[in-house]
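**Student:** The following block contains the structure, expressed as C-alpha cells.
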Amino acid sequence: MTPLEIQVSALGRHTLVTPWGELDVTNAERLADRLAELIDESSDAAVIVHLAELEFCDTTGLSVFINGARLAAESETPYLVAGAQGRVGRLLYLTGLERASWLLPDLEAAVVTLHHGDDEAQDAAG
C-alpha cells in the first residue's frame with residue numbers, strides 16, 4: 001500500500017489540493033479534515049482537488065469528495081475535483097459520480113470553469 005500524501009499549493013488565488021498515493025478507510029479522515037479546514041479558510045477563492053496522482057480510492061475516499069462538495073456549497077466556496085485517471089476514474093464512472101457538477105476531467109477544465117463558466121470548460125475538456 002502506498003501511503004497518502006497531501007500536497008497543498010496555490011494556483012493563482014485558489015487552493016490546489018493534490019492527494020498522492022492511496023485513499024482508503026485508513027486515511028480518508030485525514031484528507032476530509034484537511035479539505036474541511038481549507039474550505040472553511042477560503043474566502044471567495046476556490047478549493048480544487050487534483051486527483052491525477054491518486055493511484056487508488058475506495059468508497060470511503062469518494063465520500064470525502066462528496067462531503068467536500070457539501071461543505072463547500074454550505075459555505076458558498078467554489079469547489080472542484082478534477083483529473084481522476086486509471087482506477088480512480090473508473091470508480092467515479094462506475095458510481096455515476098463523473099456526472100457531478102463539481103467533478104471535471106482535468107485541471108485545465110477546472111480552471112476554465114472557475115474563470116469562464118461551464119460551457120467553456122466543456123470545450124476545453126474536448
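Following the order of the C-alpha cells, chains are lettered A, B, ..., residues in each are numbered from 1, and ligands are numbered from 1.
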Considering only C-alpha atoms, return as a ChimeraX atom specification whatever protein or nucleic-acid residues lie within 12 Å of Ser42 in chain A, sequence-local ones (same chain, fewer than 6 positions apart) excluded.

**Tutor:** /A:10,13-16,35-36,48,71-72,75-79

**Student:** Skipping near chain neighbours, those fewer than 3 positions away, what residues fall within 10 Å of Val25 in chain A using only C-alpha atoms, listed as number ranges by chain?

**Tutor:** A: 22, 28-29, 57-61

**Student:** How about saving the chosen residues, N, CA and C atoms kept, as a PDB file, in the first residue's frame?

**Tutor:**
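The resulting file, result-v1.pdb, is reproduced below:
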```
ATOM      1  N   GLU A  22      -2.613   6.358  -2.066  1.00  0.00           N
ATOM      2  CA  GLU A  22      -3.861   5.609  -1.958  1.00  0.00           C
ATOM      3  C   GLU A  22      -4.744   6.215  -0.878  1.00  0.00           C
ATOM      4  N   ALA A  28      -8.710   8.298   5.023  1.00  0.00           N
ATOM      5  CA  ALA A  28      -9.671   9.238   4.443  1.00  0.00           C
ATOM      6  C   ALA A  28      -9.999  10.389   5.390  1.00  0.00           C
ATOM      7  N   GLU A  29     -10.038  10.124   6.666  1.00  0.00           N
ATOM      8  CA  GLU A  29     -10.380  11.172   7.629  1.00  0.00           C
ATOM      9  C   GLU A  29      -9.352  12.302   7.601  1.00  0.00           C
ATOM     10  N   CYS A  57      -8.520   4.671  -4.773  1.00  0.00           N
ATOM     11  CA  CYS A  57      -9.519   5.310  -3.920  1.00  0.00           C
ATOM     12  C   CYS A  57     -10.642   4.302  -3.698  1.00  0.00           C
ATOM     13  N   ASP A  58     -11.044   4.116  -2.453  1.00  0.00           N
ATOM     14  CA  ASP A  58     -12.200   3.259  -2.187  1.00  0.00           C
ATOM     15  C   ASP A  58     -13.426   4.150  -1.954  1.00  0.00           C
ATOM     16  N   THR A  59     -14.533   3.534  -1.602  1.00  0.00           N
ATOM     17  CA  THR A  59     -15.768   4.309  -1.441  1.00  0.00           C
ATOM     18  C   THR A  59     -15.695   5.282  -0.262  1.00  0.00           C
ATOM     19  N   THR A  60     -14.878   4.970   0.729  1.00  0.00           N
ATOM     20  CA  THR A  60     -14.681   5.912   1.830  1.00  0.00           C
ATOM     21  C   THR A  60     -14.018   7.178   1.302  1.00  0.00           C
ATOM     22  N   GLY A  61     -13.078   7.006   0.393  1.00  0.00           N
ATOM     23  CA  GLY A  61     -12.430   8.148  -0.236  1.00  0.00           C
ATOM     24  C   GLY A  61     -13.405   8.962  -1.055  1.00  0.00           C
TER      25      GLY A  61
END
```

**Student:** Do a neighbour search on Leu51 in chain A at 7 Å with only C-alpha atoms, toss out local chain neighbours closer than 5 positions, and write the hits as a list in words.

**Tutor:** Thr18, Pro19, Ala82, Gly83 and Ala84 of chain A

**Student:** Those same residues - N, CA and C atoms - I'd like them written as a short mmCIF file (atom, residue, chain, number, x, y, z; two decimals), in the first residue's frame.

**Tutor:**
```
data_model
loop_
_atom_site.label_atom_id
_atom_site.label_comp_id
_atom_site.auth_asym_id
_atom_site.auth_seq_id
_atom_site.Cartn_x
_atom_site.Cartn_y
_atom_site.Cartn_z
N THR A 18 -3.57 18.30 -3.81
CA THR A 18 -3.21 17.13 -4.61
C THR A 18 -2.92 15.96 -3.68
N PRO A 19 -3.84 15.00 -3.60
CA PRO A 19 -3.55 13.79 -2.83
C PRO A 19 -2.72 12.82 -3.69
N ALA A 82 -10.87 17.37 -9.96
CA ALA A 82 -10.50 17.21 -11.37
C ALA A 82 -9.35 16.22 -11.53
N GLY A 83 -9.27 15.65 -12.73
CA GLY A 83 -8.10 14.89 -13.12
C GLY A 83 -8.04 13.44 -12.71
N ALA A 84 -9.16 12.84 -12.37
CA ALA A 84 -9.13 11.42 -11.99
C ALA A 84 -8.71 10.57 -13.19
#
```

**Student:** For each of A:Asp33, A:Pro3, A:Leu23, A:His115, take the minimum atom-to-atom distance to Ala46 in chain A, counting only C-alpha atoms, then give the residue where this is smallest.

**Tutor:**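 Answer, going by the shortest atom-to-atom distance: A:His115.
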
**Student:** For the alpha helix (DSSP H) assignment from backbone DSSP, which residues of chain A qualify? Please present them as a PyMOL selection string.

**Tutor:** chain A and resi 28-41+59-75+86-95+107-116+118-125

**Student:** Export, as a compact mmCIF listing (two decimals), in the first residue's frame, the selected residues with C-alpha atoms.

**Tutor:**
```txt
# COMPACT_ATOMS: atom_id res chain seq x y z
CA ALA A 28 -9.67 9.24 4.44
CA GLU A 29 -10.38 11.17 7.63
CA ARG A 30 -7.05 12.99 7.31
CA LEU A 31 -7.94 14.27 3.83
CA ALA A 32 -11.51 15.05 4.91
CA ASP A 33 -10.26 17.15 7.83
CA ARG A 34 -7.76 19.00 5.62
CA LEU A 35 -10.42 19.77 2.98
CA ALA A 36 -12.86 20.99 5.65
CA GLU A 37 -10.16 23.27 7.06
CA LEU A 38 -9.27 24.67 3.63
CA ILE A 39 -12.91 25.21 2.67
CA ASP A 40 -13.52 26.96 5.99
CA GLU A 41 -10.46 29.22 5.49
CA THR A 59 -15.77 4.31 -1.44
CA THR A 60 -14.68 5.91 1.83
CA GLY A 61 -12.43 8.15 -0.24
CA LEU A 62 -15.30 9.00 -2.56
CA SER A 63 -17.31 10.13 0.45
CA VAL A 64 -14.52 12.61 1.24
CA PHE A 65 -15.04 14.31 -2.14
CA ILE A 66 -18.83 14.27 -1.76
CA ASN A 67 -18.65 15.74 1.75
CA GLY A 68 -16.22 18.37 0.47
CA ALA A 69 -18.78 19.39 -2.14
CA ARG A 70 -21.49 19.61 0.53
CA LEU A 71 -19.34 21.69 2.89
CA ALA A 72 -18.31 23.99 0.06
CA ALA A 73 -21.91 24.50 -1.03
CA GLU A 74 -22.91 25.33 2.55
CA SER A 75 -20.16 27.94 2.81
CA GLY A 86 -6.96 4.98 -14.06
CA ARG A 87 -8.69 3.05 -11.28
CA VAL A 88 -9.91 6.24 -9.61
CA GLY A 89 -11.50 7.49 -12.81
CA ARG A 90 -13.09 4.08 -13.34
CA LEU A 91 -14.56 4.13 -9.81
CA LEU A 92 -16.06 7.57 -10.40
CA TYR A 93 -17.57 6.30 -13.65
CA LEU A 94 -18.97 3.11 -12.11
CA THR A 95 -20.58 5.02 -9.24
CA LEU A 107 -7.20 20.63 -14.17
CA GLU A 108 -7.49 22.81 -17.28
CA ALA A 109 -11.27 22.35 -17.35
CA ALA A 110 -11.42 23.23 -13.65
CA VAL A 111 -9.53 26.48 -14.16
CA VAL A 112 -11.66 27.39 -17.18
CA THR A 113 -14.82 26.69 -15.18
CA LEU A 114 -13.68 28.97 -12.37
CA HIS A 115 -12.84 31.81 -14.70
CA HIS A 116 -15.26 31.47 -17.60
CA ASP A 118 -19.25 25.61 -17.55
CA ASP A 119 -19.71 26.00 -21.34
CA GLU A 120 -16.06 26.86 -21.97
CA ALA A 121 -14.95 24.08 -19.60
CA GLN A 122 -16.78 21.55 -21.74
CA ASP A 123 -14.99 22.94 -24.82
CA ALA A 124 -11.61 22.69 -23.02
CA ALA A 125 -12.36 19.09 -21.99
```

**Student:** Assign secondary structure with DSSP using the backbone only, and return the residues of chain A in strand (DSSP E) as a PyMOL selection string.

**Tutor:** chain A and resi 5-11+14-23+47-50+54-57+79-82+103-104

**Student:** Suppose we keep N, CA and C atoms; can you now write the selection as a tab-separated table (two decimals), in the first residue's frame?

**Tutor:**
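As a result, part-v5.tsv now contains:
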```tsv
chain	number	residue	atom	x	y	z
A	5	GLU	N	-0.27	11.01	0.75
A	5	GLU	CA	0.37	12.29	1.00
A	5	GLU	C	-0.58	13.35	0.46
A	6	ILE	N	-0.61	14.49	1.12
A	6	ILE	CA	-1.49	15.58	0.71
A	6	ILE	C	-0.64	16.82	0.49
A	7	GLN	N	-0.60	17.27	-0.74
A	7	GLN	CA	0.14	18.49	-1.08
A	7	GLN	C	-0.86	19.62	-1.26
A	8	VAL	N	-0.62	20.73	-0.61
A	8	VAL	CA	-1.47	21.92	-0.74
A	8	VAL	C	-0.60	23.04	-1.30
A	9	SER	N	-1.07	23.64	-2.38
A	9	SER	CA	-0.32	24.72	-3.01
A	9	SER	C	-1.28	25.76	-3.57
A	10	ALA	N	-0.73	26.87	-3.99
A	10	ALA	CA	-1.54	27.93	-4.58
A	10	ALA	C	-1.60	27.74	-6.08
A	11	LEU	N	-2.76	27.97	-6.64
A	11	LEU	CA	-2.96	28.00	-8.09
A	11	LEU	C	-3.61	29.34	-8.37
A	14	HIS	N	-6.37	30.57	-5.95
A	14	HIS	CA	-7.10	29.39	-5.49
A	14	HIS	C	-6.18	28.42	-4.75
A	15	THR	N	-6.78	27.49	-4.05
A	15	THR	CA	-6.02	26.47	-3.32
A	15	THR	C	-6.11	25.16	-4.08
A	16	LEU	N	-4.96	24.59	-4.39
A	16	LEU	CA	-4.88	23.32	-5.09
A	16	LEU	C	-4.47	22.25	-4.09
A	17	VAL	N	-5.29	21.21	-3.98
A	17	VAL	CA	-5.03	20.09	-3.08
A	17	VAL	C	-4.77	18.87	-3.95
A	18	THR	N	-3.57	18.30	-3.81
A	18	THR	CA	-3.21	17.13	-4.61
A	18	THR	C	-2.92	15.96	-3.68
A	19	PRO	N	-3.84	15.00	-3.60
A	19	PRO	CA	-3.55	13.79	-2.83
A	19	PRO	C	-2.72	12.82	-3.69
A	20	TRP	N	-1.70	12.24	-3.09
A	20	TRP	CA	-0.81	11.28	-3.75
A	20	TRP	C	-0.94	9.93	-3.06
A	21	GLY	N	-0.87	8.87	-3.82
A	21	GLY	CA	-0.86	7.54	-3.23
A	21	GLY	C	-2.23	6.90	-3.23
A	22	GLU	N	-2.61	6.36	-2.07
A	22	GLU	CA	-3.86	5.61	-1.96
A	22	GLU	C	-4.74	6.21	-0.88
A	23	LEU	N	-6.01	6.41	-1.22
A	23	LEU	CA	-7.00	6.98	-0.32
A	23	LEU	C	-8.00	5.89	0.03
A	47	VAL	N	-11.39	25.92	-3.87
A	47	VAL	CA	-10.59	24.77	-3.47
A	47	VAL	C	-10.73	23.76	-4.60
A	48	ILE	N	-9.58	23.41	-5.19
A	48	ILE	CA	-9.56	22.45	-6.29
A	48	ILE	C	-8.79	21.21	-5.83
A	49	VAL	N	-9.42	20.06	-5.93
A	49	VAL	CA	-8.76	18.80	-5.59
A	49	VAL	C	-8.34	18.15	-6.90
A	50	HIS	N	-7.04	17.97	-7.06
A	50	HIS	CA	-6.48	17.42	-8.30
A	50	HIS	C	-6.09	15.96	-8.06
A	54	LEU	N	-3.47	10.37	-7.62
A	54	LEU	CA	-4.11	9.40	-6.73
A	54	LEU	C	-4.18	8.06	-7.44
A	55	GLU	N	-3.53	7.06	-6.88
A	55	GLU	CA	-3.43	5.73	-7.50
A	55	GLU	C	-4.62	4.83	-7.18
A	56	PHE	N	-5.22	5.03	-6.02
A	56	PHE	CA	-6.31	4.17	-5.57
A	56	PHE	C	-7.24	4.98	-4.69
A	57	CYS	N	-8.52	4.67	-4.77
A	57	CYS	CA	-9.52	5.31	-3.92
A	57	CYS	C	-10.64	4.30	-3.70
A	79	TYR	N	-15.75	24.84	-5.34
A	79	TYR	CA	-15.08	23.57	-5.06
A	79	TYR	C	-15.16	22.70	-6.30
A	80	LEU	N	-14.02	22.22	-6.74
A	80	LEU	CA	-13.97	21.35	-7.90
A	80	LEU	C	-13.01	20.20	-7.64
A	81	VAL	N	-13.32	19.06	-8.22
A	81	VAL	CA	-12.45	17.89	-8.19
A	81	VAL	C	-12.15	17.56	-9.64
A	82	ALA	N	-10.87	17.37	-9.96
A	82	ALA	CA	-10.50	17.21	-11.37
A	82	ALA	C	-9.35	16.22	-11.53
A	103	LEU	N	-17.28	17.77	-10.53
A	103	LEU	CA	-16.22	16.87	-11.00
A	103	LEU	C	-15.92	17.15	-12.46
A	104	LEU	N	-14.66	17.42	-12.76
A	104	LEU	CA	-14.24	17.75	-14.11
A	104	LEU	C	-13.11	16.82	-14.57
```

**Student:** Measure the distance from CA of Leu4 in chain A to CA of Ser101 in chain A in Å and round it to one decimal.

**Tutor:**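 It comes out at 25.7 Å.
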